[in-house]
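Shown here: my_file31.cif, mmCIF, N, CA and C atoms.
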data_coords
#
loop_
_atom_site.label_atom_id
_atom_site.label_comp_id
_atom_site.auth_asym_id
_atom_site.auth_seq_id
_atom_site.Cartn_x
_atom_site.Cartn_y
_atom_site.Cartn_z
N MET K 1425 258.46 83.53 264.86
CA MET K 1425 257.94 84.02 266.12
C MET K 1425 256.57 83.41 266.42
N ILE K 1426 255.73 83.32 265.38
CA ILE K 1426 254.40 82.75 265.55
C ILE K 1426 254.49 81.29 265.95
N SER K 1427 255.41 80.55 265.30
CA SER K 1427 255.53 79.12 265.60
C SER K 1427 255.99 78.90 267.03
N ILE K 1428 256.86 79.77 267.53
CA ILE K 1428 257.33 79.63 268.91
C ILE K 1428 256.18 79.87 269.89
N ALA K 1429 255.36 80.87 269.60
CA ALA K 1429 254.21 81.16 270.46
C ALA K 1429 253.21 80.01 270.46
N LEU K 1430 252.89 79.49 269.28
CA LEU K 1430 251.95 78.37 269.20
C LEU K 1430 252.49 77.14 269.91
N TRP K 1431 253.77 76.87 269.72
CA TRP K 1431 254.37 75.71 270.36
C TRP K 1431 254.43 75.89 271.87
N GLY K 1432 254.69 77.11 272.31
CA GLY K 1432 254.70 77.40 273.74
C GLY K 1432 253.34 77.15 274.38
N VAL K 1433 252.29 77.58 273.70
CA VAL K 1433 250.93 77.35 274.20
C VAL K 1433 250.65 75.85 274.27
N ALA K 1434 251.06 75.11 273.25
CA ALA K 1434 250.85 73.65 273.25
C ALA K 1434 251.60 72.99 274.40
N ILE K 1435 252.81 73.47 274.68
CA ILE K 1435 253.60 72.91 275.79
C ILE K 1435 252.90 73.17 277.13
N VAL K 1436 252.39 74.38 277.32
CA VAL K 1436 251.72 74.72 278.58
C VAL K 1436 250.46 73.87 278.76
N ILE K 1437 249.66 73.74 277.71
CA ILE K 1437 248.44 72.92 277.80
C ILE K 1437 248.79 71.47 278.09
N THR K 1438 249.79 70.95 277.38
CA THR K 1438 250.21 69.55 277.57
C THR K 1438 250.74 69.33 278.98
N GLY K 1439 251.52 70.27 279.48
CA GLY K 1439 252.05 70.16 280.85
C GLY K 1439 250.95 70.15 281.89
N ALA K 1440 249.96 71.02 281.71
CA ALA K 1440 248.85 71.07 282.65
C ALA K 1440 248.06 69.76 282.64
N ILE K 1441 247.85 69.20 281.47
CA ILE K 1441 247.13 67.93 281.38
C ILE K 1441 247.94 66.81 282.01
N PHE K 1442 249.27 66.81 281.80
CA PHE K 1442 250.13 65.79 282.40
C PHE K 1442 250.06 65.84 283.92
N VAL K 1443 250.15 67.04 284.48
CA VAL K 1443 250.09 67.18 285.94
C VAL K 1443 248.74 66.70 286.46
N GLY K 1444 247.66 67.06 285.76
CA GLY K 1444 246.32 66.64 286.19
C GLY K 1444 246.14 65.13 286.18
N VAL K 1445 246.57 64.48 285.11
CA VAL K 1445 246.41 63.02 285.03
C VAL K 1445 247.34 62.31 286.01
N SER K 1446 248.49 62.88 286.27
CA SER K 1446 249.42 62.29 287.25
C SER K 1446 248.82 62.35 288.66
N GLU K 1447 248.23 63.49 289.00
CA GLU K 1447 247.58 63.62 290.31
C GLU K 1447 246.39 62.68 290.43
N SER K 1448 245.63 62.55 289.35
CA SER K 1448 244.47 61.65 289.36
C SER K 1448 244.92 60.20 289.52
N ALA K 1449 246.01 59.82 288.85
CA ALA K 1449 246.51 58.45 288.95
C ALA K 1449 247.00 58.16 290.36
N ARG K 1450 247.65 59.13 290.98
CA ARG K 1450 248.14 58.94 292.35
C ARG K 1450 246.99 58.72 293.32
N ALA K 1451 245.89 59.46 293.13
CA ALA K 1451 244.75 59.38 294.05
C ALA K 1451 243.80 58.23 293.73
N ALA K 1452 243.97 57.58 292.59
CA ALA K 1452 243.03 56.53 292.16
C ALA K 1452 243.22 55.24 292.95
N VAL K 1453 242.21 54.40 292.88
CA VAL K 1453 242.30 53.07 293.50
C VAL K 1453 243.08 52.14 292.58
N ASN K 1454 243.48 51.00 293.10
CA ASN K 1454 244.26 50.02 292.34
C ASN K 1454 243.51 49.54 291.10
N GLY K 1455 244.21 49.38 290.00
CA GLY K 1455 243.65 48.83 288.79
C GLY K 1455 242.93 49.82 287.89
N VAL K 1456 243.09 51.09 288.14
CA VAL K 1456 242.38 52.10 287.36
C VAL K 1456 243.28 52.65 286.25
N VAL K 1457 242.68 52.87 285.09
CA VAL K 1457 243.35 53.53 283.97
C VAL K 1457 242.59 54.83 283.70
N ILE K 1458 243.33 55.93 283.61
CA ILE K 1458 242.73 57.26 283.46
C ILE K 1458 243.18 57.87 282.15
N PRO K 1459 242.30 57.93 281.15
CA PRO K 1459 242.68 58.58 279.89
C PRO K 1459 242.59 60.10 280.04
N ALA K 1460 243.50 60.80 279.38
CA ALA K 1460 243.48 62.26 279.40
C ALA K 1460 243.80 62.75 278.00
N GLY K 1461 243.02 63.72 277.54
CA GLY K 1461 243.23 64.23 276.20
C GLY K 1461 242.86 65.68 276.09
N PHE K 1462 242.97 66.19 274.86
CA PHE K 1462 242.66 67.58 274.57
C PHE K 1462 242.04 67.62 273.18
N VAL K 1463 240.85 68.14 273.07
CA VAL K 1463 240.11 68.27 271.82
C VAL K 1463 240.04 66.92 271.09
N GLY K 1464 239.80 65.87 271.83
CA GLY K 1464 239.66 64.55 271.23
C GLY K 1464 240.96 63.79 271.01
N LEU K 1465 242.10 64.43 271.25
CA LEU K 1465 243.39 63.74 271.08
C LEU K 1465 243.78 63.06 272.38
N PRO K 1466 244.03 61.75 272.35
CA PRO K 1466 244.50 61.09 273.57
C PRO K 1466 245.98 61.44 273.81
N LEU K 1467 246.23 62.23 274.85
CA LEU K 1467 247.60 62.67 275.12
C LEU K 1467 248.32 61.75 276.09
N PHE K 1468 247.64 61.39 277.18
CA PHE K 1468 248.26 60.59 278.22
C PHE K 1468 247.28 59.55 278.74
N GLU K 1469 247.83 58.54 279.36
CA GLU K 1469 247.03 57.53 280.04
C GLU K 1469 247.65 57.31 281.42
N GLY K 1470 246.92 57.73 282.43
CA GLY K 1470 247.39 57.52 283.80
C GLY K 1470 246.97 56.15 284.29
N PHE K 1471 247.74 55.57 285.18
CA PHE K 1471 247.39 54.25 285.71
C PHE K 1471 247.81 54.15 287.17
N HIS K 1472 247.11 53.30 287.88
CA HIS K 1472 247.46 52.95 289.26
C HIS K 1472 247.28 51.44 289.37
N ASN K 1473 248.39 50.74 289.55
CA ASN K 1473 248.36 49.29 289.54
C ASN K 1473 249.37 48.75 290.56
N GLU K 1474 248.89 47.87 291.43
CA GLU K 1474 249.73 47.22 292.44
C GLU K 1474 250.54 48.23 293.26
N GLY K 1475 249.90 49.30 293.67
CA GLY K 1475 250.54 50.30 294.50
C GLY K 1475 251.44 51.28 293.74
N ARG K 1476 251.59 51.09 292.46
CA ARG K 1476 252.43 51.99 291.64
C ARG K 1476 251.52 52.81 290.75
N PHE K 1477 251.93 54.03 290.50
CA PHE K 1477 251.16 54.87 289.57
C PHE K 1477 252.11 55.50 288.57
N GLY K 1478 251.55 55.90 287.44
CA GLY K 1478 252.38 56.53 286.42
C GLY K 1478 251.53 57.07 285.29
N VAL K 1479 252.21 57.62 284.31
CA VAL K 1479 251.55 58.20 283.14
C VAL K 1479 252.29 57.74 281.89
N ARG K 1480 251.52 57.24 280.93
CA ARG K 1480 252.09 56.83 279.64
C ARG K 1480 251.69 57.83 278.57
N PRO K 1481 252.59 58.15 277.65
CA PRO K 1481 252.21 59.03 276.54
C PRO K 1481 251.38 58.26 275.52
N GLU K 1482 250.48 58.96 274.85
CA GLU K 1482 249.66 58.38 273.80
C GLU K 1482 250.00 59.06 272.47
N TRP K 1483 249.45 58.58 271.36
CA TRP K 1483 249.79 59.09 270.04
C TRP K 1483 249.41 60.55 269.84
N GLY K 1484 248.41 61.03 270.53
CA GLY K 1484 247.98 62.41 270.38
C GLY K 1484 249.02 63.41 270.86
N LEU K 1485 249.93 62.96 271.70
CA LEU K 1485 250.99 63.84 272.20
C LEU K 1485 251.87 64.33 271.05
N LEU K 1486 252.20 63.45 270.13
CA LEU K 1486 252.99 63.86 268.97
C LEU K 1486 252.24 64.88 268.13
N VAL K 1487 250.96 64.64 267.92
CA VAL K 1487 250.15 65.57 267.14
C VAL K 1487 250.08 66.92 267.85
N MET K 1488 249.89 66.89 269.15
CA MET K 1488 249.77 68.13 269.93
C MET K 1488 251.03 68.98 269.86
N LEU K 1489 252.18 68.35 269.78
CA LEU K 1489 253.43 69.10 269.78
C LEU K 1489 253.95 69.41 268.38
N ILE K 1490 253.59 68.63 267.39
CA ILE K 1490 254.11 68.85 266.04
C ILE K 1490 253.21 69.78 265.23
N VAL K 1491 251.91 69.63 265.32
CA VAL K 1491 250.99 70.44 264.51
C VAL K 1491 251.15 71.94 264.78
N PRO K 1492 251.21 72.42 266.03
CA PRO K 1492 251.39 73.86 266.23
C PRO K 1492 252.69 74.38 265.61
N ALA K 1493 253.74 73.61 265.68
CA ALA K 1493 255.01 74.03 265.09
C ALA K 1493 254.88 74.13 263.57
N VAL K 1494 254.25 73.14 262.94
CA VAL K 1494 254.08 73.16 261.48
C VAL K 1494 253.17 74.32 261.06
N VAL K 1495 252.07 74.52 261.77
CA VAL K 1495 251.16 75.62 261.45
C VAL K 1495 251.88 76.96 261.61
N GLY K 1496 252.64 77.10 262.66
CA GLY K 1496 253.38 78.34 262.88
C GLY K 1496 254.40 78.61 261.78
N ILE K 1497 255.09 77.57 261.36
CA ILE K 1497 256.06 77.72 260.27
C ILE K 1497 255.35 78.11 258.98
N LEU K 1498 254.22 77.47 258.68
CA LEU K 1498 253.47 77.81 257.48
C LEU K 1498 252.96 79.25 257.52
N LEU K 1499 252.47 79.69 258.67
CA LEU K 1499 252.00 81.07 258.79
C LEU K 1499 253.16 82.06 258.61
N SER K 1500 254.31 81.72 259.14
CA SER K 1500 255.49 82.58 258.97
C SER K 1500 255.91 82.65 257.51
N LEU K 1501 255.87 81.53 256.81
CA LEU K 1501 256.22 81.52 255.39
C LEU K 1501 255.22 82.32 254.56
N ILE K 1502 253.94 82.23 254.90
CA ILE K 1502 252.92 83.00 254.19
C ILE K 1502 253.14 84.49 254.41
N ALA K 1503 253.43 84.88 255.65
CA ALA K 1503 253.70 86.30 255.94
C ALA K 1503 254.93 86.78 255.20
N LEU K 1504 255.96 85.96 255.14
CA LEU K 1504 257.17 86.32 254.42
C LEU K 1504 256.91 86.46 252.93
N ALA K 1505 256.13 85.56 252.36
CA ALA K 1505 255.80 85.64 250.94
C ALA K 1505 255.00 86.89 250.62
N ARG K 1506 254.10 87.28 251.49
CA ARG K 1506 253.32 88.50 251.28
C ARG K 1506 254.23 89.73 251.35
N GLU K 1507 255.16 89.72 252.29
CA GLU K 1507 256.09 90.84 252.43
C GLU K 1507 256.95 90.99 251.19
N VAL K 1508 257.45 89.88 250.67
CA VAL K 1508 258.29 89.90 249.47
C VAL K 1508 257.49 90.35 248.25
N SER K 1509 256.24 89.92 248.14
CA SER K 1509 255.42 90.27 246.98
C SER K 1509 255.02 91.75 246.98
N HIS K 1510 254.97 92.38 248.15
CA HIS K 1510 254.61 93.80 248.23
C HIS K 1510 255.80 94.71 247.95
N GLU K 1511 256.99 94.18 247.91
CA GLU K 1511 258.17 95.01 247.66
C GLU K 1511 258.41 95.22 246.21
#

For this file, write the structure as structure tokens.
Amino acid sequence: MISIALWGVAIVITGAIFVGVSESARAAVNGVVIPAGFVGLPLFEGFHNEGRFGVRPEWGLLVMLIVPAVVGILLSLIALAREVSHE
């Protein structure tokens, strides 16, 4: 349950950042690259080039989506181990 909540929060934050960088890329002038991240992690890179705009994923996106799931699973396992040890 904890891992689902943490992962859900990460998805919401990532989605909000994606929408923001996409809007910024659309409004930018030609030839601009717009980095977007969260807590120092580069999540996306928006661009506007030759009349086209878009968003590319960066390596921090994997970290942003995998780490909360792993932390949540570890917290669930710790809680389960404590429950078993108290019985």

Apply the PyMOL selection byres ((chain K and resi 1448-1461) around 6.5) to the structure shown and report the selected residues as a compact mmCIF listing (two decimals) with N, CA and C atoms, in the coordinates of the input.
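File selection-v7.txt, as written:
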# COMPACT_ATOMS: atom_id res chain seq x y z
N VAL K 1443 250.15 67.04 284.48
CA VAL K 1443 250.09 67.18 285.94
C VAL K 1443 248.74 66.70 286.46
N GLY K 1444 247.66 67.06 285.76
CA GLY K 1444 246.32 66.64 286.19
C GLY K 1444 246.14 65.13 286.18
N VAL K 1445 246.57 64.48 285.11
CA VAL K 1445 246.41 63.02 285.03
C VAL K 1445 247.34 62.31 286.01
N SER K 1446 248.49 62.88 286.27
CA SER K 1446 249.42 62.29 287.25
C SER K 1446 248.82 62.35 288.66
N GLU K 1447 248.23 63.49 289.00
CA GLU K 1447 247.58 63.62 290.31
C GLU K 1447 246.39 62.68 290.43
N PHE K 1462 242.97 66.19 274.86
CA PHE K 1462 242.66 67.58 274.57
C PHE K 1462 242.04 67.62 273.18
N VAL K 1463 240.85 68.14 273.07
CA VAL K 1463 240.11 68.27 271.82
C VAL K 1463 240.04 66.92 271.09
N GLY K 1464 239.80 65.87 271.83
CA GLY K 1464 239.66 64.55 271.23
C GLY K 1464 240.96 63.79 271.01
N LEU K 1465 242.10 64.43 271.25
CA LEU K 1465 243.39 63.74 271.08
C LEU K 1465 243.78 63.06 272.38
N PRO K 1466 244.03 61.75 272.35
CA PRO K 1466 244.50 61.09 273.57
C PRO K 1466 245.98 61.44 273.81
N LEU K 1467 246.23 62.23 274.85
CA LEU K 1467 247.60 62.67 275.12
C LEU K 1467 248.32 61.75 276.09
N PHE K 1468 247.64 61.39 277.18
CA PHE K 1468 248.26 60.59 278.22
C PHE K 1468 247.28 59.55 278.74
N GLU K 1469 247.83 58.54 279.36
CA GLU K 1469 247.03 57.53 280.04
C GLU K 1469 247.65 57.31 281.42
N GLY K 1470 246.92 57.73 282.43
CA GLY K 1470 247.39 57.52 283.80
C GLY K 1470 246.97 56.15 284.29
N PHE K 1471 247.74 55.57 285.18
CA PHE K 1471 247.39 54.25 285.71
C PHE K 1471 247.81 54.15 287.17
N HIS K 1472 247.11 53.30 287.88
CA HIS K 1472 247.46 52.95 289.26
C HIS K 1472 247.28 51.44 289.37
N ASN K 1473 248.39 50.74 289.55
CA ASN K 1473 248.36 49.29 289.54
C ASN K 1473 249.37 48.75 290.56
N GLU K 1474 248.89 47.87 291.43
CA GLU K 1474 249.73 47.22 292.44
C GLU K 1474 250.54 48.23 293.26
N GLY K 1475 249.90 49.30 293.67
CA GLY K 1475 250.54 50.30 294.50
C GLY K 1475 251.44 51.28 293.74
N PHE K 1477 251.93 54.03 290.50
CA PHE K 1477 251.16 54.87 289.57
C PHE K 1477 252.11 55.50 288.57
N GLY K 1478 251.55 55.90 287.44
CA GLY K 1478 252.38 56.53 286.42
C GLY K 1478 251.53 57.07 285.29

Next on the checklist: I need the residues in chain K that are strand (DSSP E or B) according to DSSP; give them as an MDAnalysis selection string.
Outcome noted: chainID K and resid 1456:1462 1465:1473 1476:1481

Checklist entry - Between atom CA of K:Ser1427 and atom C of K:Ile1497, what is the spacing in Å? => result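 Straight-line distance from atom C of K:Ile1497 to atom CA of K:Ser1427 works out to 6.7 Å.
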
Item to check | Coordinates-based distance that separates atom C of K:Leu1430 from atom CA of K:Glu1507 (Å, one decimal) | outcome: 22.5 Å

Checklist entry - What are the DSSP alpha helix (DSSP H) residues of stretch 1429-1500 of chain K, as a PyMOL selection string? => result chain K and resi 1429-1451+1484-1500

Next on the checklist: One decimal, in Å: what's the spacing between atom C of K:Gly1484 and atom C of K:Leu1498?
Outcome noted: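 About the pair atom C of K:Gly1484 and atom C of K:Leu1498: they are 21.1 Å apart.
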
Next on the checklist: When the PyMOL selection byres (((chain K and resi 1496 and name CA) around 10) and name CA) is applied to the structure above, which residues does it catch, written out as a list of chain:residue names?
Outcome noted: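 Matching residues under the PyMOL selection byres (((chain K and resi 1496 and name CA) around 10) and name CA) are K:Met1425, K:Ile1426, K:Ser1427, K:Ile1428, K:Ala1429, K:Leu1430, K:Trp1431, K:Val1491, K:Pro1492, K:Ala1493, K:Val1494, K:Val1495, K:Ile1497, K:Leu1498, K:Leu1499, K:Ser1500, K:Leu1501, K:Ile1502.
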
Item to check | Using only N, CA and C atoms: which of K:Leu1504, K:His1510, K:Met1488, K:Val1479 has the shortest distance to K:Thr1438 | outcome: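 That would be K:Met1488, the residue with the smallest distance to K:Thr1438.
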
Draw an axis-aligned box over all listed atoms of stretch 1460-1465 of chain K, pad each side with 6 Å, and write its centre and edge lengths in Å, one decimal, as AutoDock Vina command-line options.
--center_x 241.7 --center_y 64.5 --center_z 275.2 --size_x 16.1 --size_y 19.5 --size_z 20.4
